[in-house]
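K.L.:
Here it is, the structure in full.
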Amino acid sequence: GKIRMSDIIVELDAFIIADDHRVFKCSPGKTYRFYNQVRNAKAVFLDIRGLEDIPYKEEDWNEDKILEIIADDRWSRELESRARGNQHVGTEGVGRGDKTRLGFLKALLFEAKRGDLIVVPAEGYDKDVLIGELIDDAGDFQQISATDDETEYVYLGRRVKWRSASPKRLLSEEMIRALHTQTAFFQLKRSFHEEIYKLAYRNFIFRGDYVSEFRTSKLRFTAEDHAVVSTWLNGFDVLRNSVEMTNPTNDVKPSFFELGLQELDDSLAAEVQIDIQSPGEVFVKSFGPFALALMAFFPLAGCDSQAVVDQGVTVKLKTVGGGISSHTEVQECVNSMAIALGHERLDQSSQLCDRAIRDAKMTTQAVLKSGHKESK
């Protein structure tokens, strides 16, 4: 069937993430010395001095010469350190560690792609771990001036758009351990991606998993608030797993409120992670578009239910690295659930949604672009 564009348009602040998307850690220097400068410069770089005159194109790089620069920089710092009375580490001339550092430099400048994420660890538990998205293509690197011990140096790095700044205590133990290795630059394992994406994007699609977030700003989240939100969530979850989706019957259908309290086998239910510390958030995760379709029903509560069922809805999402795209699976999920409900039950779900928004102070990153109810 041809996708028809509806006048009712919902835009989700939800990101389609490519299957090959990568997440890297980049250290802000030993003892986190460049942390504030990295944050303010909106750029990440490796602490290697003396590279300001090297060519911009990778094919023009003379690696032996660059290795010498890296080794000389390391050795001159080693001599300063010895002069301060520190013990001797390392020797003069190019060694294995210098080759490793060249590898890090090439990975940051030439391998990491536009849209890839860079995680910058922080010192202490109260400082924010930064997550930035690379905004330039691989190979498009910058010279970045930064001050170390009151002397300004030029470093090579990449520009980022900060997506998140989160206190370290919000990260899992495994993530904290992974970030606090000595290695200056490396790619994080895929098992860490979801945790990073929840912080950076909140709502996203990655390799078939759909994750959405609903937040509450309410300081005293009551049992009623929980009941309203959970009934709304479960009603849609029961609906999408029911025969009504594929084979609407003419029997008397349960109201949306009844759907919301129906039993649903745990193996079928969407994964819901409720973390309401007042304020807090609810994360919904599904394999398939359900979790993001739920987001769209929030702003649709302000629409005429009959129009939603009859005309259908156009749903738009974002892509990591820029651009808005229609995502047919989410759109089809929204429209098939609206049709299965019918306008009366959609009205009932909208009443619950209004209570969630008004009383429970719930929000999600979805906006109605057109198709508002006529204000009476």
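For the structure tokens, the naming scheme is as follows: chains receive sequential letters (A, B, ...) according to their order of presentation, residues are indexed from 1 within each chain, and ligands are indexed from 1 in presentation order.
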Which parts of region 11-55 of chain A does DSSP call helix (DSSP H, G or I) when run on the backbone here, written out as JSON, numbers by chain?
P.N.:
{"A": [30, 31, 32, 35, 36, 37, 38, 39, 40, 41]}
K.L.:
Give me a file of those residues, with N, CA and C atoms, as an mmCIF file, in the first residue's frame.
P.N.:
data_model
loop_
_atom_site.group_PDB
_atom_site.id
_atom_site.type_symbol
_atom_site.label_atom_id
_atom_site.label_comp_id
_atom_site.auth_asym_id
_atom_site.auth_seq_id
_atom_site.Cartn_x
_atom_site.Cartn_y
_atom_site.Cartn_z
ATOM 1 N N LYS A 30 45.749 13.314 31.130
ATOM 2 C CA LYS A 30 46.079 12.732 32.440
ATOM 3 C C LYS A 30 45.555 13.646 33.531
ATOM 4 N N THR A 31 45.091 13.066 34.605
ATOM 5 C CA THR A 31 44.490 13.794 35.735
ATOM 6 C C THR A 31 43.357 14.701 35.264
ATOM 7 N N TYR A 32 42.735 14.354 34.139
ATOM 8 C CA TYR A 32 41.560 15.083 33.617
ATOM 9 C C TYR A 32 41.844 16.565 33.413
ATOM 10 N N TYR A 35 39.635 18.772 31.090
ATOM 11 C CA TYR A 35 38.185 18.544 31.126
ATOM 12 C C TYR A 35 37.379 19.824 30.840
ATOM 13 N N ASN A 36 37.667 20.898 31.584
ATOM 14 C CA ASN A 36 36.893 22.136 31.396
ATOM 15 C C ASN A 36 37.102 22.725 30.011
ATOM 16 N N GLN A 37 38.339 22.619 29.506
ATOM 17 C CA GLN A 37 38.623 23.194 28.189
ATOM 18 C C GLN A 37 37.939 22.394 27.078
ATOM 19 N N VAL A 38 37.913 21.072 27.238
ATOM 20 C CA VAL A 38 37.212 20.217 26.274
ATOM 21 C C VAL A 38 35.724 20.575 26.260
ATOM 22 N N ARG A 39 35.180 20.714 27.465
ATOM 23 C CA ARG A 39 33.746 21.027 27.575
ATOM 24 C C ARG A 39 33.430 22.372 26.905
ATOM 25 N N ASN A 40 34.250 23.384 27.195
ATOM 26 C CA ASN A 40 33.978 24.725 26.659
ATOM 27 C C ASN A 40 34.284 24.840 25.173
ATOM 28 N N ALA A 41 35.303 24.107 24.720
ATOM 29 C CA ALA A 41 35.694 24.195 23.304
ATOM 30 C C ALA A 41 34.766 23.382 22.403
#
K.L.:
Produce a table with one row for each residue of region 27-95 of chain A that has an atom at most 9 Å from any atom of region 141-145 of chain A, each row naming the nearest atom pair and its distance in Å at one decimal; use only C-alpha atoms; arrange rows by chain and rising residue number; format as a tab-separated table.
P.N.:
residue	atom	partner	partner_atom	distance
A:Ala41	CA	A:Ile144	CA	8.0
A:Ala43	CA	A:Ile144	CA	7.7
A:Val44	CA	A:Ile144	CA	8.7
A:Phe45	CA	A:Ile144	CA	7.6
A:Leu51	CA	A:Gln143	CA	9.0
A:Glu52	CA	A:Gln143	CA	7.0
A:Tyr56	CA	A:Phe141	CA	7.8
K.L.:
Measuring between only C-alpha atoms, which one of A:Glu68, A:Asp359, A:Asp73, A:Glu152 shows the shortest distance to Ala227 (chain A)?
P.N.:
A:Asp359
K.L.:
Just want the 6 Å neighbourhood of region 234-250 of chain A, counted on only C-alpha atoms, with same-chain residues fewer than 4 positions away dropped. Output as a PyMOL selection string.
P.N.:
chain A and resi 230+259-260+340
K.L.:
Residues at most 9 Å from Ile9 (chain A), counting only C-alpha atoms, excluding those fewer than 6 positions away in the same chain, as a list in words?
P.N.:
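In the requested form, the answer reads Val313, Thr314, Val315, Lys316, Val367, Leu368, Lys369, Ser370 and Gly371 of chain A.
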K.L.:
Which of these residues is nearest to Thr151 (chain A), using only C-alpha atoms: A:Arg49, A:Asp265, A:Glu92, A:Phe287?
P.N.:
A:Arg49
K.L.:
Would you please give, as a PyMOL selection string, all residues of region 114-206 of chain A that DSSP assigns to strand (DSSP E or B) based on the backbone?
P.N.:
chain A and resi 117-120+128-134+142-148+151-167+185-187+204-206
K.L.:
Selection from above, C-alpha atoms, as a PDB file, in the first residue's frame, can you write it?
P.N.:
ATOM      1  CA  LEU A 117      29.554   9.447  19.955  1.00  0.00           C
ATOM      2  CA  ILE A 118      32.525  10.361  22.119  1.00  0.00           C
ATOM      3  CA  VAL A 119      32.302   9.798  25.883  1.00  0.00           C
ATOM      4  CA  VAL A 120      34.554  12.029  27.988  1.00  0.00           C
ATOM      5  CA  ASP A 128      29.489  15.238  34.665  1.00  0.00           C
ATOM      6  CA  VAL A 129      30.484  12.550  32.210  1.00  0.00           C
ATOM      7  CA  LEU A 130      30.116  14.232  28.805  1.00  0.00           C
ATOM      8  CA  ILE A 131      28.719  12.601  25.677  1.00  0.00           C
ATOM      9  CA  GLY A 132      29.328  14.420  22.414  1.00  0.00           C
ATOM     10  CA  GLU A 133      28.280  13.638  18.864  1.00  0.00           C
ATOM     11  CA  LEU A 134      30.882  14.229  16.142  1.00  0.00           C
ATOM     12  CA  GLN A 142      40.634  20.900  13.794  1.00  0.00           C
ATOM     13  CA  GLN A 143      43.512  22.616  15.522  1.00  0.00           C
ATOM     14  CA  ILE A 144      42.489  23.246  19.114  1.00  0.00           C
ATOM     15  CA  SER A 145      44.310  25.607  21.459  1.00  0.00           C
ATOM     16  CA  ALA A 146      44.394  24.579  25.090  1.00  0.00           C
ATOM     17  CA  THR A 147      46.378  25.633  28.132  1.00  0.00           C
ATOM     18  CA  ASP A 148      48.467  23.175  30.124  1.00  0.00           C
ATOM     19  CA  THR A 151      51.330  27.482  28.611  1.00  0.00           C
ATOM     20  CA  GLU A 152      49.167  27.390  25.509  1.00  0.00           C
ATOM     21  CA  TYR A 153      49.664  24.542  23.035  1.00  0.00           C
ATOM     22  CA  VAL A 154      47.932  23.474  19.833  1.00  0.00           C
ATOM     23  CA  TYR A 155      46.358  19.995  19.639  1.00  0.00           C
ATOM     24  CA  LEU A 156      44.562  18.079  16.901  1.00  0.00           C
ATOM     25  CA  GLY A 157      40.991  16.997  17.506  1.00  0.00           C
ATOM     26  CA  ARG A 158      37.376  16.849  16.370  1.00  0.00           C
ATOM     27  CA  ARG A 159      34.355  19.068  16.992  1.00  0.00           C
ATOM     28  CA  VAL A 160      31.349  17.688  18.869  1.00  0.00           C
ATOM     29  CA  LYS A 161      27.830  18.714  19.786  1.00  0.00           C
ATOM     30  CA  TRP A 162      27.283  17.886  23.450  1.00  0.00           C
ATOM     31  CA  ARG A 163      24.287  15.569  23.758  1.00  0.00           C
ATOM     32  CA  SER A 164      24.442  14.870  27.471  1.00  0.00           C
ATOM     33  CA  ALA A 165      26.217  15.778  30.692  1.00  0.00           C
ATOM     34  CA  SER A 166      25.410  13.254  33.419  1.00  0.00           C
ATOM     35  CA  PRO A 167      26.804  12.894  36.936  1.00  0.00           C
ATOM     36  CA  PHE A 185      41.066   6.538  23.165  1.00  0.00           C
ATOM     37  CA  PHE A 186      39.135   3.369  22.373  1.00  0.00           C
ATOM     38  CA  GLN A 187      35.831   2.047  21.095  1.00  0.00           C
ATOM     39  CA  PHE A 204      15.967   5.816  19.806  1.00  0.00           C
ATOM     40  CA  ILE A 205      15.969   2.827  17.474  1.00  0.00           C
ATOM     41  CA  PHE A 206      19.074   0.637  17.330  1.00  0.00           C
TER      42      PHE A 206
END
K.L.:
Report as a PyMOL selection string all protein, DNA and RNA residues lying within 7 Å of Lys361 (chain A), evaluated on only C-alpha atoms, omitting residues in the same chain fewer than 4 positions from it.
P.N.:
chain A and resi 216-218+356-357
K.L.:
Can you work out which one of A:Pro299, A:Gly50, A:Gly280, A:Gly85 has the shortest atom-to-atom distance to Ser350 (chain A), counting only C-alpha atoms?
P.N.:
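When distances to Ser350 (chain A) are compared using only C-alpha atoms, the smallest one comes from A:Pro299.
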K.L.:
What's the separation between CA of Ser172 (chain A) and CA of Gly29 (chain A), in Å to one decimal place?
P.N.:
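Distance between the two atoms: 22.7 Å.
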K.L.:
Counting only C-alpha atoms, figure out which residue out of A:Ile17, A:Val94, A:Ile70, A:Ala122 gets nearest to Glu194 (chain A).
P.N.:
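Comparing A:Ile17, A:Val94, A:Ile70, A:Ala122 against Glu194 (chain A), the winner is A:Ile17.
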K.L.:
Neighbours of His327 (chain A) within 12 Å (only C-alpha atoms; same-chain residues fewer than 5 positions away dropped), as number ranges by chain?
P.N.:
A: 3, 10-12, 14-16, 204-205, 288-289, 292-293, 313-319, 332-334
K.L.:
Would you kindly return, as a PyMOL selection string, each protein, DNA or RNA residue with an atom no farther than 8 Å from any atom of Ser305 (chain A), considering only C-alpha atoms and excluding same-chain residues fewer than 6 positions away?
P.N.:
chain A and resi 343-344+346-347
